[in-house]
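Structure first, then comments.
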Amino acid sequence: QVQLVESGGGLVQPGGSLRLSCAASRFTFSSYWMYWVRQAPGKGLEWVSSISPGGVGTDYVDFVKGRFTVSRDNAKNTLYLQMNSLKPEDTALYYCARDKTATVRGKGTLVTVSS
């Protein structure tokens, strides 16, 4: 069974940074596009970023472009999301997922941006 375990969330002040990690196992990580999605309090899931199997191709939702960077280490089966210049509206539960609709996803890591 696919396993995705996110970590790295926490409380950060506006303008701060966090780096999320997602440890993947029980599937061939290097063969899949991987995704970060998030769910803000009281809202639905929204796609944040995608990365191609080799890590060359990336894409971002407009409101994180220039602030977030997705990357992966296929040797470590790990996905990352570097988040800079965080805003209160970035507060959400962040999931890594194996598909854009997050049908297969981890349990999430909570990011809270607040002063």
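Identifiers in the structure tokens: chain A, B, ... in order shown; residue index from 1 per chain; ligand index from 1 in order shown.
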DSSP strand (DSSP E or B) selection over range 7-90 of chain A, as a ChimeraX atom specification: /A:7,10-12,18-25,34-39,45-51,58-60,68-73,78-83
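Distances from A:Leu81, A:Gln13, A:Val56, A:Val48 to Ser114 in chain A were compared using only C-alpha atoms, and the smallest one belongs to A:Gln13.
Excluding Val111 in chain A itself and any same-chain residue fewer than 6 positions from it, the protein and nucleic acid residues within 10 Å of it, counting only C-alpha atoms, are Gly8, Gly9, Gly10, Leu11, Val12, Leu18, Leu20, Arg38, Ala40, Leu86, Pro88, Asp90, Thr91, Ala92, Leu93 and Tyr94 of chain A.
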Atoms to include: N, CA and C atoms. Write the selected residues as a compact mmCIF listing (two decimals), in the first residue's frame.
```
# COMPACT_ATOMS: atom_id res chain seq x y z
N GLY A 8 7.46 18.75 8.68
CA GLY A 8 8.06 20.07 8.50
C GLY A 8 7.13 21.23 8.74
N GLY A 9 5.87 20.97 8.99
CA GLY A 9 4.95 22.06 9.26
C GLY A 9 5.19 22.67 10.62
N GLY A 10 4.48 23.75 10.90
CA GLY A 10 4.61 24.40 12.19
C GLY A 10 4.04 25.80 12.16
N LEU A 11 4.31 26.53 13.23
CA LEU A 11 3.87 27.92 13.35
C LEU A 11 5.01 28.84 12.91
N VAL A 12 4.70 29.76 12.03
CA VAL A 12 5.70 30.68 11.52
C VAL A 12 5.07 32.06 11.38
N LEU A 18 9.38 27.93 5.68
CA LEU A 18 9.33 26.54 6.13
C LEU A 18 9.70 25.64 4.97
N LEU A 20 8.82 21.83 3.80
CA LEU A 20 8.07 20.60 4.01
C LEU A 20 8.77 19.45 3.31
N ARG A 38 -3.22 21.55 -0.70
CA ARG A 38 -3.46 22.06 0.64
C ARG A 38 -4.94 22.25 0.89
N ALA A 40 -7.13 24.72 3.38
CA ALA A 40 -7.24 25.76 4.39
C ALA A 40 -8.45 25.49 5.28
N LEU A 86 6.03 33.59 3.58
CA LEU A 86 4.72 33.03 3.93
C LEU A 86 3.74 34.12 4.36
N PRO A 88 -0.42 34.87 5.93
CA PRO A 88 -1.46 34.22 6.74
C PRO A 88 -2.40 33.35 5.90
N ASP A 90 -1.64 31.43 3.66
CA ASP A 90 -1.01 30.14 3.38
C ASP A 90 -1.30 29.12 4.48
N THR A 91 -1.93 29.55 5.54
CA THR A 91 -2.29 28.63 6.62
C THR A 91 -3.19 27.52 6.09
N ALA A 92 -2.75 26.28 6.28
CA ALA A 92 -3.49 25.14 5.73
C ALA A 92 -2.83 23.85 6.18
N LEU A 93 -3.53 22.78 5.94
CA LEU A 93 -2.96 21.44 6.06
C LEU A 93 -2.41 21.08 4.69
N TYR A 94 -1.12 20.80 4.64
CA TYR A 94 -0.44 20.52 3.37
C TYR A 94 -0.24 19.02 3.21
```
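Residues in contact with Asn84 in chain A at up to 10 Å, not including ones fewer than 5 positions away on its chain and judged by only C-alpha atoms, are Pro14, Gly15, Gly16, Ser17, Leu18, Arg19, Val64, Gly66, Arg67, Phe68 and Thr69 of chain A.
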Could the residues of range 64-90 of chain A that have an atom at most 8 Å from range 24-31 of chain A be listed as CSV, each with its closest atom pair and the distance in Å to one decimal, counting only C-alpha atoms and ordered by chain and ascending residue number?
```
residue,atom,partner,partner_atom,distance
A:Asn74,CA,A:Ser30,CA,5.5
A:Asn77,CA,A:Ala24,CA,5.4
A:Thr78,CA,A:Ala24,CA,5.9
A:Leu79,CA,A:Ala24,CA,7.7
```
Please dump the current selection as a JSON list (two decimals), in the first residue's frame; keep all heavy atoms.
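Once written, result.json looks like this:
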```json
[["chain", "number", "residue", "atom", "x", "y", "z"],
["A", 74, "ASN", "N", 15.02, 11.63, -5.76],
["A", 74, "ASN", "CA", 14.55, 10.27, -6.07],
["A", 74, "ASN", "C", 15.39, 9.19, -5.39],
["A", 74, "ASN", "O", 14.90, 8.10, -5.13],
["A", 74, "ASN", "CB", 14.53, 10.06, -7.58],
["A", 74, "ASN", "CG", 13.36, 10.78, -8.24],
["A", 74, "ASN", "OD1", 12.38, 11.17, -7.58],
["A", 74, "ASN", "ND2", 13.46, 10.98, -9.54],
["A", 77, "ASN", "N", 13.67, 8.98, -2.16],
["A", 77, "ASN", "CA", 12.21, 8.85, -2.23],
["A", 77, "ASN", "C", 11.51, 9.96, -1.43],
["A", 77, "ASN", "O", 10.58, 9.70, -0.66],
["A", 77, "ASN", "CB", 11.75, 7.48, -1.72],
["A", 77, "ASN", "CG", 12.07, 6.36, -2.69],
["A", 77, "ASN", "OD1", 12.44, 6.60, -3.84],
["A", 77, "ASN", "ND2", 11.94, 5.14, -2.22],
["A", 78, "THR", "N", 11.99, 11.16, -1.62],
["A", 78, "THR", "CA", 11.48, 12.28, -0.82],
["A", 78, "THR", "C", 11.13, 13.46, -1.71],
["A", 78, "THR", "O", 11.88, 13.82, -2.62],
["A", 78, "THR", "CB", 12.50, 12.71, 0.24],
["A", 78, "THR", "OG1", 12.81, 11.59, 1.07],
["A", 78, "THR", "CG2", 11.94, 13.81, 1.12],
["A", 79, "LEU", "N", 9.99, 14.06, -1.40],
["A", 79, "LEU", "CA", 9.48, 15.26, -2.06],
["A", 79, "LEU", "C", 9.60, 16.42, -1.08],
["A", 79, "LEU", "O", 9.41, 16.24, 0.12],
["A", 79, "LEU", "CB", 8.02, 15.04, -2.44],
["A", 79, "LEU", "CG", 7.25, 16.17, -3.08],
["A", 79, "LEU", "CD1", 7.75, 16.40, -4.51],
["A", 79, "LEU", "CD2", 5.75, 15.84, -3.09]]
```
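Between CA of Leu4 in chain A and CA of Arg98 in chain A there is a distance of 8.7 Å.
The space separating CA of Gly42 in chain A from CA of Gln1 in chain A comes to 29.3 Å.
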